[in-house]
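Structure data (mmCIF, C-alpha atoms and all ligand atoms) from start-v9.cif:
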```cif
data_model
#
loop_
_atom_site.group_PDB
_atom_site.id
_atom_site.type_symbol
_atom_site.label_atom_id
_atom_site.label_comp_id
_atom_site.auth_asym_id
_atom_site.auth_seq_id
_atom_site.Cartn_x
_atom_site.Cartn_y
_atom_site.Cartn_z
ATOM 1 C CA MET A 1 19.001 12.063 6.964
ATOM 2 C CA ASN A 2 15.223 11.910 7.147
ATOM 3 C CA THR A 3 14.629 15.443 5.932
ATOM 4 C CA PHE A 4 12.192 14.854 3.066
ATOM 5 C CA ARG A 5 9.000 16.937 3.269
ATOM 6 C CA PHE A 6 6.110 17.003 0.821
ATOM 7 C CA SER A 7 5.567 20.557 -0.451
ATOM 8 C CA HIS A 8 2.106 19.606 -1.719
ATOM 9 C CA CYS A 9 -0.182 16.595 -1.936
ATOM 10 C CA PRO A 10 1.132 14.349 -4.735
ATOM 11 C CA TYR A 11 -2.457 13.365 -5.645
ATOM 12 C CA CYS A 12 -4.578 16.538 -5.684
ATOM 13 C CA ARG A 13 -1.722 19.104 -5.716
ATOM 14 C CA GLN A 14 -3.171 20.969 -2.743
ATOM 15 C CA ASP A 15 -0.400 22.709 -0.779
ATOM 16 C CA ARG A 16 -2.450 23.353 2.333
ATOM 17 C CA MET A 17 -2.272 20.595 4.921
ATOM 18 C CA THR A 18 -3.049 20.040 8.567
ATOM 19 C CA PHE A 19 -0.661 18.728 11.202
ATOM 20 C CA VAL A 20 -2.029 15.470 12.654
ATOM 21 C CA GLY A 21 0.709 14.552 15.142
ATOM 22 C CA VAL A 22 4.250 13.378 15.747
ATOM 23 C CA LEU A 23 4.767 9.766 14.703
ATOM 24 C CA GLY A 24 5.821 7.348 17.397
ATOM 25 C CA TYR A 25 8.866 5.794 15.796
ATOM 26 C CA ARG A 26 12.239 7.479 16.165
ATOM 27 C CA ASP A 27 15.901 6.616 16.405
ATOM 28 C CA ARG A 28 16.710 3.095 15.292
ATOM 29 C CA VAL A 29 13.884 1.629 13.279
ATOM 30 C CA LYS A 30 13.499 -0.988 10.544
ATOM 31 C CA PHE A 31 13.199 0.149 6.942
ATOM 32 C CA GLY A 32 12.352 -2.919 4.892
ATOM 33 C CA SER A 33 14.686 -5.469 6.460
ATOM 34 C CA LEU A 34 17.439 -2.933 7.272
ATOM 35 C CA MET A 35 17.966 -0.948 10.468
ATOM 36 C CA ILE A 36 18.211 2.805 10.008
ATOM 37 C CA GLU A 37 18.550 5.770 12.338
ATOM 38 C CA LEU A 38 16.352 8.840 12.127
ATOM 39 C CA ALA A 39 17.728 12.239 13.121
ATOM 40 C CA GLU A 40 14.474 14.215 12.876
ATOM 41 C CA ALA A 41 11.134 13.384 14.486
ATOM 42 C CA PRO A 42 8.742 12.161 11.760
ATOM 43 C CA GLU A 43 5.402 14.007 11.598
ATOM 44 C CA LEU A 44 2.054 13.190 10.033
ATOM 45 C CA PHE A 45 0.057 15.713 7.972
ATOM 46 C CA ARG A 46 -3.333 15.468 6.275
ATOM 47 C CA CYS A 47 -4.007 17.079 2.890
ATOM 48 C CA ASN A 48 -6.739 19.717 3.191
ATOM 49 C CA GLY A 49 -7.917 18.893 -0.313
ATOM 50 C CA CYS A 50 -8.305 15.107 -0.411
ATOM 51 C CA GLY A 51 -7.419 13.852 3.079
ATOM 52 C CA THR A 52 -4.293 11.957 2.011
ATOM 53 C CA LEU A 53 -1.866 11.327 4.872
ATOM 54 C CA MET A 54 1.741 12.397 4.355
ATOM 55 C CA THR A 55 4.825 11.775 6.476
ATOM 56 C CA MET A 56 7.125 14.745 6.879
ATOM 57 C CA ASN A 57 10.777 14.227 7.787
ATOM 58 C CA ALA A 58 10.711 11.063 5.728
ATOM 59 C CA ILE A 59 13.675 9.259 4.178
ATOM 60 C CA PRO A 60 14.370 11.020 0.825
ATOM 61 C CA PRO A 61 13.205 9.097 -2.300
ATOM 62 C CA GLU A 62 16.683 8.248 -3.664
ATOM 63 C CA GLU A 63 17.830 6.850 -0.321
ATOM 64 C CA ALA A 64 14.574 4.937 0.055
ATOM 65 C CA LEU A 65 15.027 3.313 -3.368
ATOM 66 C CA ASP A 66 18.559 2.292 -2.441
ATOM 67 C CA LEU A 67 17.282 0.761 0.810
ATOM 68 C CA TYR A 68 14.543 -1.120 -1.084
ATOM 69 C CA ARG A 69 17.082 -2.533 -3.542
ATOM 70 C CA ARG A 70 19.303 -3.806 -0.737
ATOM 71 C CA SER A 71 16.427 -4.981 1.430
ATOM 72 C CA SER A 72 14.436 -8.129 1.319
ATOM 73 C CA SER A 73 10.758 -7.275 1.267
ATOM 74 C CA GLY A 74 8.302 -7.469 4.073
ATOM 75 C CA GLU A 75 7.051 -10.740 5.426
ATOM 76 C CA ARG A 76 3.403 -9.821 5.141
ATOM 77 C CA TRP A 77 2.372 -12.193 2.370
ATOM 78 C CA THR A 78 5.294 -14.568 2.445
ATOM 79 C CA THR A 79 4.746 -17.003 5.262
ATOM 80 C CA GLU A 80 1.251 -18.125 4.353
ATOM 81 C CA LYS A 81 -0.561 -18.624 1.094
ATOM 82 C CA PHE A 82 -2.230 -15.487 -0.215
ATOM 83 C CA GLY A 83 -5.606 -17.199 -0.363
ATOM 84 C CA ASN A 84 -5.376 -18.044 3.337
ATOM 85 C CA ILE A 85 -4.139 -14.720 4.596
ATOM 86 C CA ALA A 86 -6.022 -12.143 2.485
ATOM 87 C CA ASP A 87 -9.323 -10.860 3.783
ATOM 88 C CA ARG A 88 -12.340 -12.532 2.191
ATOM 89 C CA SER A 89 -13.695 -9.264 0.752
ATOM 90 C CA THR A 90 -10.326 -8.795 -1.000
ATOM 91 C CA LEU A 91 -10.408 -12.342 -2.391
ATOM 92 C CA GLN A 92 -14.000 -12.031 -3.577
ATOM 93 C CA ALA A 93 -13.299 -8.787 -5.417
ATOM 94 C CA LEU A 94 -10.108 -10.139 -7.007
ATOM 95 C CA SER A 95 -11.518 -13.472 -8.070
ATOM 96 C CA GLY A 96 -13.602 -11.848 -10.813
ATOM 97 C CA ALA A 97 -10.468 -10.273 -12.289
ATOM 98 C CA LEU A 98 -8.293 -13.412 -12.251
ATOM 99 C CA MET A 99 -9.658 -15.221 -15.292
ATOM 100 C CA PRO A 100 -7.670 -17.851 -17.202
ATOM 101 C CA GLY A 101 -5.331 -16.401 -19.809
ATOM 102 C CA LYS A 102 -5.250 -12.919 -18.274
ATOM 103 C CA ARG A 103 -1.848 -11.284 -18.018
ATOM 104 C CA VAL A 104 -1.245 -10.102 -14.453
ATOM 105 C CA LEU A 105 1.571 -7.765 -13.404
ATOM 106 C CA ASP A 106 2.215 -7.396 -9.689
ATOM 107 C CA ILE A 107 4.133 -4.250 -8.701
ATOM 108 C CA GLY A 108 6.412 -4.541 -5.670
ATOM 109 C CA SER A 109 5.469 -8.169 -5.462
ATOM 110 C CA GLY A 110 8.088 -8.933 -2.835
ATOM 111 C CA ALA A 111 8.161 -12.595 -2.059
ATOM 112 C CA SER A 112 4.385 -12.532 -2.270
ATOM 113 C CA ASP A 113 2.294 -15.577 -2.962
ATOM 114 C CA PHE A 114 -0.236 -13.459 -4.839
ATOM 115 C CA LEU A 115 1.254 -14.255 -8.234
ATOM 116 C CA THR A 116 1.178 -17.962 -7.480
ATOM 117 C CA PHE A 117 -2.460 -17.515 -6.439
ATOM 118 C CA ALA A 118 -3.130 -15.813 -9.796
ATOM 119 C CA ARG A 119 -1.270 -18.486 -11.755
ATOM 120 C CA ASP A 120 -3.292 -21.221 -10.027
ATOM 121 C CA ARG A 121 -6.306 -19.500 -11.601
ATOM 122 C CA GLY A 122 -4.833 -19.744 -15.072
ATOM 123 C CA CYS A 123 -3.267 -16.283 -15.335
ATOM 124 C CA ARG A 124 0.107 -15.477 -16.875
ATOM 125 C CA THR A 125 2.121 -13.842 -14.129
ATOM 126 C CA PHE A 126 4.708 -11.061 -14.144
ATOM 127 C CA ALA A 127 6.574 -9.332 -11.291
ATOM 128 C CA PHE A 128 8.116 -5.886 -11.043
ATOM 129 C CA GLU A 129 10.228 -5.745 -7.921
ATOM 130 C CA PRO A 130 13.034 -3.347 -6.897
ATOM 131 C CA SER A 131 14.411 -5.696 -4.230
ATOM 132 C CA ARG A 132 17.000 -7.909 -5.941
ATOM 133 C CA GLU A 133 16.517 -10.685 -3.442
ATOM 134 C CA SER A 134 12.733 -10.705 -3.840
ATOM 135 C CA ALA A 135 12.940 -10.564 -7.635
ATOM 136 C CA GLU A 136 15.131 -13.662 -7.525
ATOM 137 C CA ILE A 137 12.554 -15.472 -5.397
ATOM 138 C CA GLN A 138 9.814 -14.612 -7.901
ATOM 139 C CA ARG A 139 11.979 -15.846 -10.768
ATOM 140 C CA GLU A 140 12.627 -19.129 -8.983
ATOM 141 C CA ARG A 141 8.894 -19.550 -8.539
ATOM 142 C CA GLY A 142 8.487 -19.306 -12.284
ATOM 143 C CA HIS A 143 7.040 -15.808 -12.598
ATOM 144 C CA GLU A 144 8.393 -13.579 -15.346
ATOM 145 C CA ILE A 145 10.408 -10.589 -14.140
ATOM 146 C CA VAL A 146 9.660 -7.195 -15.664
ATOM 147 C CA ALA A 147 12.870 -5.172 -15.349
ATOM 148 C CA SER A 148 11.354 -1.794 -16.236
ATOM 149 C CA LEU A 149 7.950 -0.183 -16.689
ATOM 150 C CA ASP A 150 9.023 1.256 -20.043
ATOM 151 C CA GLY A 151 8.260 -1.971 -21.918
ATOM 152 C CA PRO A 152 5.646 -2.533 -24.654
ATOM 153 C CA ALA A 153 2.362 -0.690 -24.120
ATOM 154 C CA ALA A 154 -0.997 -2.370 -23.519
ATOM 155 C CA ALA A 155 0.644 -5.519 -22.181
ATOM 156 C CA PHE A 156 -1.388 -6.378 -19.077
ATOM 157 C CA ASP A 157 -5.023 -7.085 -18.223
ATOM 158 C CA LEU A 158 -4.569 -6.599 -14.495
ATOM 159 C CA ILE A 159 -1.890 -4.625 -12.646
ATOM 160 C CA THR A 160 -1.876 -5.028 -8.882
ATOM 161 C CA LEU A 161 -0.307 -2.867 -6.181
ATOM 162 C CA PHE A 162 -0.708 -4.451 -2.752
ATOM 163 C CA ASP A 163 0.930 -2.440 0.027
ATOM 164 C CA VAL A 164 2.751 -0.352 -2.547
ATOM 165 C CA VAL A 165 1.176 3.081 -3.098
ATOM 166 C CA GLU A 166 1.837 4.171 0.485
ATOM 167 C CA HIS A 167 5.570 3.838 -0.333
ATOM 168 C CA LEU A 168 5.396 6.191 -3.336
ATOM 169 C CA TYR A 169 6.685 9.781 -3.326
ATOM 170 C CA ASP A 170 5.472 10.480 -6.872
ATOM 171 C CA PRO A 171 2.391 8.316 -7.419
ATOM 172 C CA ARG A 172 1.276 10.308 -10.483
ATOM 173 C CA ALA A 173 4.426 9.246 -12.345
ATOM 174 C CA MET A 174 3.924 5.606 -11.353
ATOM 175 C CA PHE A 175 0.264 5.559 -12.395
ATOM 176 C CA ALA A 176 1.078 7.283 -15.699
ATOM 177 C CA SER A 177 3.508 4.424 -16.449
ATOM 178 C CA LEU A 178 0.977 1.795 -15.422
ATOM 179 C CA ARG A 179 -1.813 3.354 -17.449
ATOM 180 C CA ARG A 180 0.317 2.967 -20.569
ATOM 181 C CA LEU A 181 0.835 -0.722 -19.763
ATOM 182 C CA LEU A 182 -2.887 -1.478 -19.465
ATOM 183 C CA ALA A 183 -4.426 -3.578 -22.213
ATOM 184 C CA GLN A 184 -7.824 -2.603 -23.623
ATOM 185 C CA GLY A 185 -10.337 -3.014 -20.811
ATOM 186 C CA GLY A 186 -7.537 -3.594 -18.305
ATOM 187 C CA ARG A 187 -7.727 -2.797 -14.609
ATOM 188 C CA ILE A 188 -5.402 -1.549 -11.893
ATOM 189 C CA ALA A 189 -6.081 -2.882 -8.388
ATOM 190 C CA VAL A 190 -4.727 -0.923 -5.412
ATOM 191 C CA LEU A 191 -4.780 -2.313 -1.880
ATOM 192 C CA THR A 192 -3.741 0.139 0.828
ATOM 193 C CA GLY A 193 -4.807 1.664 4.105
ATOM 194 C CA ALA A 194 -7.856 3.913 4.108
ATOM 195 C CA PRO A 195 -7.186 7.300 5.766
ATOM 196 C CA GLN A 196 -10.912 8.059 5.382
ATOM 197 C CA SER A 197 -11.864 5.028 7.499
ATOM 198 C CA LEU A 198 -13.102 5.393 11.065
ATOM 199 C CA PRO A 199 -10.107 3.660 12.732
ATOM 200 C CA ALA A 200 -7.680 5.930 10.829
ATOM 201 C CA ARG A 201 -9.638 9.097 11.596
ATOM 202 C CA PHE A 202 -10.084 8.105 15.225
ATOM 203 C CA THR A 203 -6.467 7.198 15.940
ATOM 204 C CA GLY A 204 -4.722 9.924 13.896
ATOM 205 C CA ALA A 205 -0.931 9.777 14.216
ATOM 206 C CA LYS A 206 -1.296 6.629 16.341
ATOM 207 C CA TRP A 207 -2.890 4.625 13.518
ATOM 208 C CA TRP A 208 -0.783 1.467 13.206
ATOM 209 C CA TYR A 209 -0.548 1.791 9.424
ATOM 210 C CA VAL A 210 1.444 5.058 9.555
ATOM 211 C CA GLN A 211 3.968 3.666 12.060
ATOM 212 C CA TYR A 212 6.417 2.596 9.344
ATOM 213 C CA PRO A 213 9.134 4.874 7.929
ATOM 214 C CA GLU A 214 8.408 3.333 4.499
ATOM 215 C CA HIS A 215 4.764 4.494 4.516
ATOM 216 C CA VAL A 216 5.176 8.081 3.383
ATOM 217 C CA CYS A 217 1.879 8.879 1.659
ATOM 218 C CA VAL A 218 -1.400 7.005 2.188
ATOM 219 C CA PRO A 219 -4.077 8.095 -0.310
ATOM 220 C CA THR A 220 -7.780 8.367 0.364
ATOM 221 C CA LEU A 221 -10.320 7.151 -2.164
ATOM 222 C CA LYS A 222 -10.818 10.816 -3.076
ATOM 223 C CA ALA A 223 -7.086 11.108 -3.816
ATOM 224 C CA LEU A 224 -7.177 8.130 -6.193
ATOM 225 C CA ARG A 225 -10.025 9.833 -8.060
ATOM 226 C CA HIS A 226 -7.564 12.648 -8.872
ATOM 227 C CA LEU A 227 -5.227 10.424 -10.916
ATOM 228 C CA PRO A 228 -5.128 11.710 -14.512
ATOM 229 C CA GLY A 229 -6.531 9.378 -17.170
ATOM 230 C CA LEU A 230 -7.848 6.870 -14.672
ATOM 231 C CA ALA A 231 -11.269 6.398 -13.119
ATOM 232 C CA VAL A 232 -12.240 4.552 -9.958
ATOM 233 C CA ILE A 233 -14.748 1.869 -10.906
ATOM 234 C CA LYS A 234 -15.011 -0.073 -7.664
ATOM 235 C CA LYS A 235 -13.994 0.287 -4.021
ATOM 236 C CA VAL A 236 -14.125 -2.486 -1.460
ATOM 237 C CA ALA A 237 -13.736 -1.721 2.252
ATOM 238 C CA THR A 238 -11.423 -4.390 3.594
ATOM 239 C CA PHE A 239 -8.725 -5.285 6.120
ATOM 240 C CA ALA A 240 -4.940 -5.601 5.903
ATOM 241 C CA LYS A 241 -5.409 -9.336 6.172
ATOM 242 C CA ALA A 242 -7.997 -11.833 7.284
ATOM 243 C CA GLY A 243 -6.692 -11.990 10.853
ATOM 244 C CA TYR A 244 -7.434 -8.301 11.333
ATOM 245 C CA ARG A 245 -11.144 -8.822 10.774
ATOM 246 C CA LEU A 246 -12.456 -9.938 14.139
ATOM 247 C CA PRO A 247 -15.990 -10.687 15.300
ATOM 248 C CA VAL A 248 -17.483 -7.330 16.323
ATOM 249 C CA ARG A 249 -17.904 -8.261 19.992
ATOM 250 C CA GLU A 250 -14.289 -9.428 20.320
ATOM 251 C CA ALA A 251 -12.880 -6.516 18.334
ATOM 252 C CA TRP A 252 -14.897 -4.048 20.393
ATOM 253 C CA SER A 253 -13.663 -5.525 23.655
ATOM 254 C CA ILE A 254 -10.008 -5.395 22.576
ATOM 255 C CA ALA A 255 -10.367 -1.884 21.158
ATOM 256 C CA ARG A 256 -12.044 -0.634 24.356
ATOM 257 C CA ASN A 257 -9.374 -2.116 26.608
ATOM 258 C CA ARG A 258 -6.581 -0.696 24.493
ATOM 259 C CA TYR A 259 -8.225 2.690 24.350
ATOM 260 C CA ARG A 260 -8.604 2.770 28.133
ATOM 261 C CA ALA A 261 -4.907 1.869 28.459
ATOM 262 C CA GLY A 262 -4.051 4.682 26.049
ATOM 263 C CA GLU A 263 -2.732 2.154 23.552
ATOM 264 C CA TYR A 264 -5.413 2.098 20.875
ATOM 265 C CA ASP A 265 -3.761 2.079 17.454
ATOM 266 C CA GLY A 266 -6.715 1.045 15.338
ATOM 267 C CA LEU A 267 -5.841 -2.632 15.637
ATOM 268 C CA PRO A 268 -7.534 -5.017 15.609
ATOM 269 C CA SER A 269 -10.139 -3.180 13.677
ATOM 270 C CA VAL A 270 -13.729 -2.856 14.787
ATOM 271 C CA VAL A 271 -14.480 -1.781 11.235
ATOM 272 C CA SER A 272 -12.359 -1.924 8.107
ATOM 273 C CA ASP A 273 -9.344 0.365 7.742
ATOM 274 C CA HIS A 274 -8.143 -0.744 4.309
ATOM 275 C CA GLN A 275 -9.422 -0.275 0.789
ATOM 276 C CA LEU A 276 -9.167 -2.288 -2.412
ATOM 277 C CA VAL A 277 -9.725 0.101 -5.296
ATOM 278 C CA PHE A 278 -10.104 -0.825 -8.978
ATOM 279 C CA LEU A 279 -9.219 1.738 -11.626
ATOM 280 C CA LYS A 280 -9.639 1.702 -15.378
ATOM 281 C CA GLU A 281 -8.300 3.895 -18.110
ATOM 282 C CA VAL A 282 -10.441 6.733 -19.378
ATOM 283 C CA ASN A 283 -9.727 8.588 -22.576
ATOM 284 C CA ALA A 284 -8.922 12.209 -21.908
HETATM 285 ZN ZN ZN B 1 -4.660 15.891 -1.658
#
```

Show me the file's structure as structure tokens.
Amino acid sequence: MNTFRFSHCPYCRQDRMTFVGVLGYRDRVKFGSLMIELAEAPELFRCNGCGTLMTMNAIPPEEALDLYRRSSSGERWTTEKFGNIADRSTLQALSGALMPGKRVLDIGSGASDFLTFARDRGCRTFAFEPSRESAEIQRERGHEIVASLDGPAAAFDLITLFDVVEHLYDPRAMFASLRRLLAQGGRIAVLTGAPQSLPARFTGAKWWYVQYPEHVCVPTLKALRHLPGLAVIKKVATFAKAGYRLPVREAWSIARNRYRAGEYDGLPSVVSDHQLVFLKEVNA
């Protein structure tokens, strides 16, 4: 039963929010790789404090975790090499952080090629992955599997969350765990949709990025600034992947035609609708 509703914004704690619209998916829909049925119509709300987007009538957290365990992860990064598929602004910003000898932990790594990309640059690579099937794939590829986030503190120089935070019901708890795992001078890199971006603001509940039952809470940059003990040190406006960054003339033409047909969903993007955000630990 998709009856989960956020009582307040999990980032800034604000309990006042604004209804954005009813989300388009309903009935039988894919959750990870599994088909589920939704009884209630999912709705999108925006936090009045920080602008974070929240899905109401979402799958409850415990059921979602069970679905993730039994699911294989998304195909987004699996069919092509990370370096070929990621947007160039994402690659440029990451390249400075992937130095030889650095210990990199990828959260929700799926069957992603990101860790292989990091290892090719001399990093030691670790995966934390709830999907059993995906964890096995990462192990076969030679990456070390981290079974729990309760391990030794200060273990990693870079912790990455690509397409992960929008799945979290309690991001503060996750980031508190990750903060403890950061080595001195370590960084957390978050790649997610940007609710503050023009395409997201313009399309509202029709924004393509909120059309997944797994995407329950998409934080703005302002929301990430609310995380206790962490500070935003860099934000890069980017795209979900390289193919979503089109030449302006072409993107404009497609966007205009879709808008006229009543089908505009923010894709392909005229301007960026994703963000890569780097955080570092700050002493309270
Ligand atoms: Zn908020």

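Here the question is which of A:Leu67, A:Leu279, A:Val218, A:Ala153 gets nearest to ligand ZN 1 (chain B) using all atoms listed in the file, and that residue is A:Val218.
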
Expand the PyMOL selection byres (((chain A and resi 133-139) around 12) and not hetatm) into the individual residues it matches in the shown file, reporting them as a ChimeraX atom specification. /A:32-33,68-75,78,106-116,125-132,140-147

Go through the chains and note each residue within 9 Å of ligand ZN 1 (chain B), using all atoms listed in the file, then give the set as JSON, numbers by chain. {"A": [8, 9, 10, 11, 12, 13, 14, 15, 16, 17, 46, 47, 48, 49, 50, 51, 52, 53, 219, 220, 222, 223, 226]}

Using all atoms listed in the file, which of the listed residues (A:Tyr212, A:Phe202, A:Phe117, A:Phe162) sits closest to A:Asp273?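 Answer, going by the shortest atom-to-atom distance: A:Phe202.
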
Which one of A:Pro213, A:Asp120, A:Ile159, A:Ile85 sits closest to A:Ala41 if you count all atoms listed in the file?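 Counting all atoms listed in the file, the residue closest to A:Ala41 is A:Pro213.
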
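Residues matching the PyMOL selection byres (((chain A and resi 209) around 9) and not hetatm) in this structure come to A:Gly193, A:Ala200, A:Lys206, A:Trp207, A:Trp208, A:Val210, A:Gln211, A:Tyr212, A:His215, A:Val218, A:Asp265, A:Gly266.
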
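Interatomic distance, atom CA of A:Val20 against atom CA of A:Val164: 22.5 Å.
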
List, as a list in words, every residue that the PyMOL selection byres (((chain A and resi 190) around 6) and not hetatm) selects in the file provided. Leu161, Phe162, Ala189, Leu191, Leu276 and Val277 of chain A

Which residues come within 12 Å of A:Gly243, counting only C-alpha atoms, excluding same-chain residues fewer than 4 positions away, as a ChimeraX atom specification? /A:76,80,84-88,238-239,247,251,267-269,272

How many Å separate atom CA of A:Arg172 from atom CA of A:Phe19?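 Here the two named atoms are 23.3 Å from each other.
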
Quick one: distance from atom CA of A:His274 to atom CA of A:Pro195 in Å, one decimal?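 Going from atom CA of A:His274 over to atom CA of A:Pro195 covers 8.2 Å.
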
May I have the residues within 10 Å of A:Phe175 as a CSV table (one decimal) with C-alpha atoms, in the coordinates of the input, using only C-alpha atoms and disregarding those fewer than 5 positions away in the same chain?
```csv
chain,number,residue,atom,x,y,z
A,165,VAL,CA,1.2,3.1,-3.1
A,170,ASP,CA,5.5,10.5,-6.9
A,180,ARG,CA,0.3,3.0,-20.6
A,181,LEU,CA,0.8,-0.7,-19.8
A,188,ILE,CA,-5.4,-1.5,-11.9
A,227,LEU,CA,-5.2,10.4,-10.9
A,228,PRO,CA,-5.1,11.7,-14.5
A,229,GLY,CA,-6.5,9.4,-17.2
A,230,LEU,CA,-7.8,6.9,-14.7
```

Fewer than 4 positions away in the same chain doesn't count, so skip those; otherwise give me all residues within 12 Å of A:Gln184, counting all atoms listed in the file, as a PDB file with C-alpha atoms, in the coordinates of the input.
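This went into selection08.pdb:
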```pdb
ATOM      1  CA  LYS A 102      -5.250 -12.919 -18.274  1.00  0.00           C
ATOM      2  CA  ARG A 103      -1.848 -11.284 -18.018  1.00  0.00           C
ATOM      3  CA  ALA A 153       2.362  -0.690 -24.120  1.00  0.00           C
ATOM      4  CA  ALA A 154      -0.997  -2.370 -23.519  1.00  0.00           C
ATOM      5  CA  ALA A 155       0.644  -5.519 -22.181  1.00  0.00           C
ATOM      6  CA  PHE A 156      -1.388  -6.378 -19.077  1.00  0.00           C
ATOM      7  CA  ASP A 157      -5.023  -7.085 -18.223  1.00  0.00           C
ATOM      8  CA  LEU A 158      -4.569  -6.599 -14.495  1.00  0.00           C
ATOM      9  CA  ARG A 179      -1.813   3.354 -17.449  1.00  0.00           C
ATOM     10  CA  ARG A 180       0.317   2.967 -20.569  1.00  0.00           C
ATOM     11  CA  LYS A 280      -9.639   1.702 -15.378  1.00  0.00           C
ATOM     12  CA  GLU A 281      -8.300   3.895 -18.110  1.00  0.00           C
ATOM     13  CA  VAL A 282     -10.441   6.733 -19.378  1.00  0.00           C
ATOM     14  CA  ASN A 283      -9.727   8.588 -22.576  1.00  0.00           C
TER      15      ASN A 283
END
```

So which one's closest to A:Asp163, A:Ala255, A:Arg260, A:Met35, A:Thr192? Using only C-alpha atoms, please.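 Among A:Ala255, A:Arg260, A:Met35, A:Thr192, it is A:Thr192 that comes nearest to A:Asp163.
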
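The residue that comes closest to A:Glu40, out of A:Gly24, A:Gly96, A:Pro61, A:Gly83 and on the basis of only C-alpha atoms, is A:Gly24.
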
Might you pull out every residue within 9 Å of A:Gly122, with only C-alpha atoms counted and same-chain residues fewer than 3 positions away left off, and present them as a list in words? Leu98, Met99, Pro100, Gly101, Lys102, Ala118 and Arg119 of chain A

Work out where the centre of an axis-aligned box around every listed atom of stretch 181-200 of chain A lies and how long its edges are once 6 Å is added on each side; give both in Å to one decimal as JSON.
```
{"center_x": -6.1, "center_y": 2.2, "center_z": -5.4, "size_x": 25.9, "size_y": 23.7, "size_z": 48.4}
```

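Candidate residues A:Val270, A:Leu178, A:Leu65, A:Val22 were compared for distance to A:Arg256, and the nearest is A:Val270, using only C-alpha atoms.
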